[in-house]
Each structure stands twice: as C-alpha cells, then as structure tokens.
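To start, the structure under review is shown below, and the notes come after it.
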Amino acid sequence: MEYFLKSIIPILIFSMILYGMVKKVKVYECFVEGAKEGMQICFRIFPYILAMLLAVAILRESGVLTYFNKLIAPVVRVIGLPSEVVPLVLIKPLSGSGSLGVYAELLKNYGADSYIGILASIIMGSTETIFYTLTVYFGAVNIKKIRHTLYAAIMADLTAIILAVIITRCLI
Amino acid sequence: MINYIWFFIIFIGVIVGLITGKGELLSNAIINSTGASVNLIIGLVGMMCLWCGVIKIAEQSGLTDIISKVLKPILRIIFKDISKDDKALGAVVMNIASNMMGLSNAATPFGVKAMEEMEKQNKNKGVASNDMALFLVLNAVCIQFIPTSIISLRAASGSHNPAVIIIPALITTSLASFFGVIYCKILQRYF
C-alpha cells in the first residue's frame, strides 16, 4: 500500500497517456500543446505571487504576529486552543513554507505524540494556505472582486481548527 | 477588497517593524521575497507544464468527461452554474482528487484550469461567481486522505504512530468542507 502511494504520480501519468493512446489521441503533440498553456499561466500569475510573498515577508519579519498572538490569547483560550499552537494557526493561511517551519519547531519542542503535537498535525492537515490559493487562482483569471470568498474561507478554516481541538481531545 | 488587505498587511508590518527597530530585517525580507517568488514560480513552471500537458491528453481522449460524468451527480448539488460544463467539472474533479491524495503540486494546475473554464462561463467577467467562491473554499479546507508531508515529518521527529492523524484529519476536513459549503450558500446572497 505504501509503495503504491509513493508511486501514484507515475501510475497516474501512465494511465492517462495510455488511455489517450487507446483513444488515438496524438499524445505527444497534445502534451506539448498543454505544456505551453502551463507556461503562459505561470507568466500570468507571477506578479500576484510576488505581491503576496512581499506582504507576507514584511508581516513575518516585523514581529506583528507575536503581538497579535498576545492580543488574541484570551479569545483562543475560550475555544480551548493552547497558546503554543496559535502561531501555527496565524501563519498557516499566509505561508506554506512558513507554517511548515513553525510546525516542525512544535514537533521538536513538544514531541509528535503529545497533545500539542497531535493537534498541530491535524491543523496542518486540515487547513490550507488560503491567501496563496486565492491569489494564484483569482490572479490566473483576472478576478478583481472576490465577494464573499475570503470570509467563507476564513470561517471554514476556523471551523476546521475548532473541530481539530474537539477531535484531539476525544483522541487523547 | 484585496487592495485593502494587501495595503493593511504592508502598512501594519512596516510601521510596527520600524518602531521596534527592525528596519534592516525588513529590508532583507523585502529583497529576499523577490528571490523567493522567482524560486517559487520556477519550481512551479515545470509542474504546471507537466500537469497541463497531461490534462490536455485526458481532455482530448475524453477521460475528463468520463470522470466528471461519474462525479457529476454529487457535484451538481453543490456547483450550480457549471453543472452543465464538462470541461470545468472535469478540472474541478481533478483538483479535488489531487488534493485528496495530498498532491498539492498537481492540484494547483488543475485548479487554475478549473478557474479558467469557470471564467468562460462567467457572465460577470472579473467578478467571482458563486461557484468560484465555493471552489476556493473547498480548496481552503480540502479533504485529505493522505497528508504525506505531515506523516513524514511526524515520523522524522520520532513519533511512535505517525499515521494516527489520518482519520482525525479526514473527519475534520470532511466536516469543515460541509460547513464551508453552507457558509458559501448563505454568504453568497449578501455579496
């Protein structure tokens, strides 16, 4: 099973090309044609990625998150979130690599099988880097007005965190 | 909206950073962020081209139509406007499937493709449709069967049972996705 999971990418690609061949698609030409589109997409989303990474870098280095952490401490205590995990919750929507760093730090300091370690793992597994996804996806099609997307995404994110706390409590 | 968020993040970051004497750190962070985004996009270009190429084959061979036909009954309930569009549904399906398998590198190209197809159907160009918002929210709390990187990190830091989080994470994400759909359906009336 584990070997299968690790080989999922070649299996996936192979079966898609095989199916194309069976259906008499010009697989090589088709692939190149699609790859060209991929190139254009990357050109198009680059400025959006730069804008977002710039803002996140400034926010992270300025230490604002640390102050913010103290500010919201009373609120997070209500939902039962340990203060050690709060930095992870704050950085997760903003930066994938940043949150991975914070997460690895938590595992190192508190142990992977501790309450904090398991809670952090579940939070890592159930939330995404919302701002990155929003920037890239909406940037790719030039959407300027995102309406309720961000609110709904943050609400869903908070729901996931609260659920993670409840489930971890049941687990231990 | 995005203008205010971007401005606010930079504004508060620069002001607080300068007051607390982190001017030099900020300078470095700004310069490094440009390099970091170039690295990110270069890392992404190859993956993007690879998956866009493979999707194209799947599209031409009619594979995406088959996949979307199978999943259509489920998706039609939550995605109202694109339920008639095979191409858009196909890309949405592939994106969600990649996320479920923990292949976030593959998920991004499928997601961008899905957005492009949805924008074609969008009557109000430049304004997010209900389906787009819903799709993004599902991506924010994606249902995951195998959170590969987390399991390997847990194993690396000496966990006795690295995979213990799979079921809890699955329950959390499934419930959060369910709530996410509800939030979207409620909020979309007011925006």
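Chains: A, B, ... in order of the structure tokens. Residues: from 1 per chain. Ligands: from 1, in order shown.
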*asked:* I need the residues in range 19-165 of chain A that are helix (DSSP H, G or I) according to DSSP; give them as a VMD selection string.
replied: chain A and resid 19 to 22 27 to 62 64 to 78 83 to 91 96 to 110 115 to 126 130 to 140 149 to 165
_Env of Val89 in chain A: 10 Å cut, atoms = only C-alpha atoms, seq-sep filter 3 positions within chain, self excluded. Answer as a PyMOL selection string._
chain A and resi 69+81+84-86+92-94+99+102-103+120+123-124+127+157-158+161
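A straight line drawn from CA of Ile151 in chain B to CA of Ala163 in chain B is 5.9 Å long.
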*Surrounding residues of Leu150 in chain A excluding itself and chain neighbours under 6 positions, 9 Å, only C-alpha atoms, as a ChimeraX atom specification*: /A:130-131,134 /B:133,136-137
_Within 10 Å of Lys125 in chain B using only C-alpha atoms, minus same-chain residues under 3 positions, as a PyMOL selection string_ = (chain A and resi 141-145) or (chain B and resi 119-122+128-129)
*asked:* Give me the residues near Thr149 in chain A as an NGL selection string, where near means some atom within 12 Å (using only C-alpha atoms) and where sequence neighbours in that chain fewer than 6 positions away do not count.
replied: (:A and (130-131 or 133-135 or 137-138 or 143 or 155-156)) or (:B and (1-2 or 127-140 or 180-181 or 183-188 or 190-191))
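CA of Ile91 in chain A to CA of Val93 in chain B spans 28.2 Å [interatomic distance, one decimal].
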So that I can check the surroundings of Leu71 in chain B, please list as an mmCIF file with all heavy atoms, in the first residue's frame every protein, DNA and RNA residue that reaches within 12 Å of it, counting only C-alpha atoms and ignoring chain neighbours fewer than 5 positions away.
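Writing done, so here's part00.cif:
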data_model
loop_
_atom_site.group_PDB
_atom_site.id
_atom_site.type_symbol
_atom_site.label_atom_id
_atom_site.label_comp_id
_atom_site.auth_asym_id
_atom_site.auth_seq_id
_atom_site.Cartn_x
_atom_site.Cartn_y
_atom_site.Cartn_z
ATOM 1 N N THR B 64 -11.574 13.107 -19.064
ATOM 2 C CA THR B 64 -12.154 14.043 -18.088
ATOM 3 C C THR B 64 -13.681 14.015 -18.150
ATOM 4 O O THR B 64 -14.345 14.150 -17.134
ATOM 5 C CB THR B 64 -11.661 15.486 -18.300
ATOM 6 O OG1 THR B 64 -11.776 15.801 -19.674
ATOM 7 C CG2 THR B 64 -10.248 15.667 -17.842
ATOM 8 N N ASP B 65 -14.224 13.838 -19.364
ATOM 9 C CA ASP B 65 -15.683 13.762 -19.489
ATOM 10 C C ASP B 65 -16.226 12.582 -18.699
ATOM 11 O O ASP B 65 -17.251 12.680 -18.021
ATOM 12 C CB ASP B 65 -16.089 13.597 -20.957
ATOM 13 C CG ASP B 65 -15.623 14.761 -21.796
ATOM 14 O OD1 ASP B 65 -15.279 15.794 -21.193
ATOM 15 O OD2 ASP B 65 -15.597 14.641 -23.034
ATOM 16 N N ILE B 66 -15.502 11.449 -18.808
ATOM 17 C CA ILE B 66 -15.959 10.244 -18.103
ATOM 18 C C ILE B 66 -15.915 10.464 -16.592
ATOM 19 O O ILE B 66 -16.889 10.201 -15.888
ATOM 20 C CB ILE B 66 -15.086 9.022 -18.484
ATOM 21 C CG1 ILE B 66 -15.266 8.721 -19.978
ATOM 22 C CG2 ILE B 66 -15.447 7.815 -17.637
ATOM 23 C CD1 ILE B 66 -14.356 7.630 -20.491
ATOM 24 N N ARG B 76 -23.111 18.311 -8.879
ATOM 25 C CA ARG B 76 -24.208 19.142 -9.371
ATOM 26 C C ARG B 76 -24.995 19.752 -8.214
ATOM 27 O O ARG B 76 -25.538 20.842 -8.318
ATOM 28 C CB ARG B 76 -25.130 18.301 -10.256
ATOM 29 C CG ARG B 76 -26.136 19.143 -11.000
ATOM 30 C CD ARG B 76 -26.915 18.304 -11.983
ATOM 31 N NE ARG B 76 -26.293 18.256 -13.282
ATOM 32 C CZ ARG B 76 -26.558 17.324 -14.200
ATOM 33 N NH1 ARG B 76 -27.399 16.361 -13.919
ATOM 34 N NH2 ARG B 76 -25.966 17.356 -15.375
ATOM 35 N N ILE B 77 -25.029 19.021 -7.103
ATOM 36 C CA ILE B 77 -25.765 19.515 -5.939
ATOM 37 C C ILE B 77 -25.121 20.789 -5.404
ATOM 38 O O ILE B 77 -25.811 21.735 -5.046
ATOM 39 C CB ILE B 77 -25.808 18.443 -4.823
ATOM 40 C CG1 ILE B 77 -26.480 17.175 -5.371
ATOM 41 C CG2 ILE B 77 -26.556 18.954 -3.603
ATOM 42 C CD1 ILE B 77 -26.314 15.983 -4.465
ATOM 43 N N ILE B 78 -23.768 20.820 -5.362
ATOM 44 C CA ILE B 78 -23.131 21.997 -4.766
ATOM 45 C C ILE B 78 -22.706 23.047 -5.792
ATOM 46 O O ILE B 78 -22.800 24.228 -5.537
ATOM 47 C CB ILE B 78 -21.953 21.609 -3.837
ATOM 48 C CG1 ILE B 78 -21.009 20.612 -4.489
ATOM 49 C CG2 ILE B 78 -22.470 21.037 -2.538
ATOM 50 C CD1 ILE B 78 -19.779 20.357 -3.656
ATOM 51 N N PHE B 79 -22.252 22.610 -6.984
ATOM 52 C CA PHE B 79 -21.885 23.589 -8.012
ATOM 53 C C PHE B 79 -23.054 23.770 -8.979
ATOM 54 O O PHE B 79 -23.277 22.928 -9.836
ATOM 55 C CB PHE B 79 -20.649 23.135 -8.797
ATOM 56 C CG PHE B 79 -19.386 23.188 -8.001
ATOM 57 C CD1 PHE B 79 -18.879 22.060 -7.395
ATOM 58 C CD2 PHE B 79 -18.701 24.382 -7.856
ATOM 59 C CE1 PHE B 79 -17.712 22.110 -6.651
ATOM 60 C CE2 PHE B 79 -17.527 24.441 -7.120
ATOM 61 C CZ PHE B 79 -17.036 23.303 -6.521
ATOM 62 N N SER B 83 -22.628 22.961 -13.676
ATOM 63 C CA SER B 83 -23.004 21.547 -13.719
ATOM 64 C C SER B 83 -23.193 21.037 -15.146
ATOM 65 O O SER B 83 -23.147 19.842 -15.390
ATOM 66 C CB SER B 83 -24.265 21.309 -12.894
ATOM 67 O OG SER B 83 -25.292 22.161 -13.331
ATOM 68 N N ASP B 86 -18.756 20.180 -18.984
ATOM 69 C CA ASP B 86 -17.899 19.029 -18.715
ATOM 70 C C ASP B 86 -16.455 19.404 -18.440
ATOM 71 O O ASP B 86 -15.811 18.846 -17.565
ATOM 72 C CB ASP B 86 -17.946 18.054 -19.893
ATOM 73 C CG ASP B 86 -19.191 17.193 -19.853
ATOM 74 O OD1 ASP B 86 -19.814 17.165 -18.767
ATOM 75 O OD2 ASP B 86 -19.540 16.589 -20.863
ATOM 76 N N LEU B 89 -16.132 21.010 -14.941
ATOM 77 C CA LEU B 89 -16.351 19.978 -13.922
ATOM 78 C C LEU B 89 -15.171 19.016 -13.857
ATOM 79 O O LEU B 89 -14.727 18.632 -12.782
ATOM 80 C CB LEU B 89 -17.623 19.196 -14.227
ATOM 81 C CG LEU B 89 -18.893 19.650 -13.517
ATOM 82 C CD1 LEU B 89 -20.006 18.651 -13.768
ATOM 83 C CD2 LEU B 89 -18.665 19.809 -12.028
ATOM 84 N N GLY B 90 -14.649 18.658 -15.036
ATOM 85 C CA GLY B 90 -13.511 17.742 -15.095
ATOM 86 C C GLY B 90 -12.323 18.291 -14.334
ATOM 87 O O GLY B 90 -11.711 17.591 -13.526
ATOM 88 N N ALA B 91 -12.006 19.579 -14.572
ATOM 89 C CA ALA B 91 -10.866 20.198 -13.894
ATOM 90 C C ALA B 91 -11.109 20.299 -12.396
ATOM 91 O O ALA B 91 -10.206 20.077 -11.592
ATOM 92 C CB ALA B 91 -10.582 21.577 -14.486
ATOM 93 N N VAL B 92 -12.345 20.639 -12.012
ATOM 94 C CA VAL B 92 -12.691 20.715 -10.588
ATOM 95 C C VAL B 92 -12.470 19.349 -9.931
ATOM 96 O O VAL B 92 -11.859 19.248 -8.863
ATOM 97 C CB VAL B 92 -14.161 21.181 -10.394
ATOM 98 C CG1 VAL B 92 -14.619 20.964 -8.968
ATOM 99 C CG2 VAL B 92 -14.311 22.636 -10.787
ATOM 100 N N VAL B 93 -12.951 18.302 -10.606
ATOM 101 C CA VAL B 93 -12.811 16.944 -10.076
ATOM 102 C C VAL B 93 -11.340 16.573 -9.894
ATOM 103 O O VAL B 93 -10.932 16.070 -8.849
ATOM 104 C CB VAL B 93 -13.505 15.926 -11.013
ATOM 105 C CG1 VAL B 93 -13.111 14.517 -10.647
ATOM 106 C CG2 VAL B 93 -14.995 16.099 -10.960
ATOM 107 N N MET B 94 -10.529 16.858 -10.943
ATOM 108 C CA MET B 94 -9.118 16.506 -10.872
ATOM 109 C C MET B 94 -8.409 17.278 -9.761
ATOM 110 O O MET B 94 -7.532 16.755 -9.072
ATOM 111 C CB MET B 94 -8.418 16.785 -12.206
ATOM 112 C CG MET B 94 -8.884 15.916 -13.351
ATOM 113 S SD MET B 94 -8.779 14.156 -13.002
ATOM 114 C CE MET B 94 -7.020 13.937 -13.102
ATOM 115 N N ILE B 96 -9.796 18.442 -6.926
ATOM 116 C CA ILE B 96 -10.204 17.903 -5.624
ATOM 117 C C ILE B 96 -9.549 16.538 -5.387
ATOM 118 O O ILE B 96 -9.063 16.247 -4.295
ATOM 119 C CB ILE B 96 -11.746 17.823 -5.528
ATOM 120 C CG1 ILE B 96 -12.318 19.250 -5.524
ATOM 121 C CG2 ILE B 96 -12.184 17.078 -4.281
ATOM 122 C CD1 ILE B 96 -13.811 19.334 -5.599
ATOM 123 N N ALA B 97 -9.493 15.721 -6.461
ATOM 124 C CA ALA B 97 -8.862 14.402 -6.335
ATOM 125 C C ALA B 97 -7.382 14.532 -5.974
ATOM 126 O O ALA B 97 -6.872 13.803 -5.120
ATOM 127 C CB ALA B 97 -9.026 13.619 -7.637
#
*Residue with smallest distance to Val38 in chain B - pool A:Ile45, A:Ile79, A:Ala104, A:Ile154, counting only C-alpha atoms*: A:Ile45
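Using only C-alpha atoms, the smallest distance between any of B:Ala156, B:Ile10, B:Ala107, B:Ile42 and chain A comes from B:Ile10.
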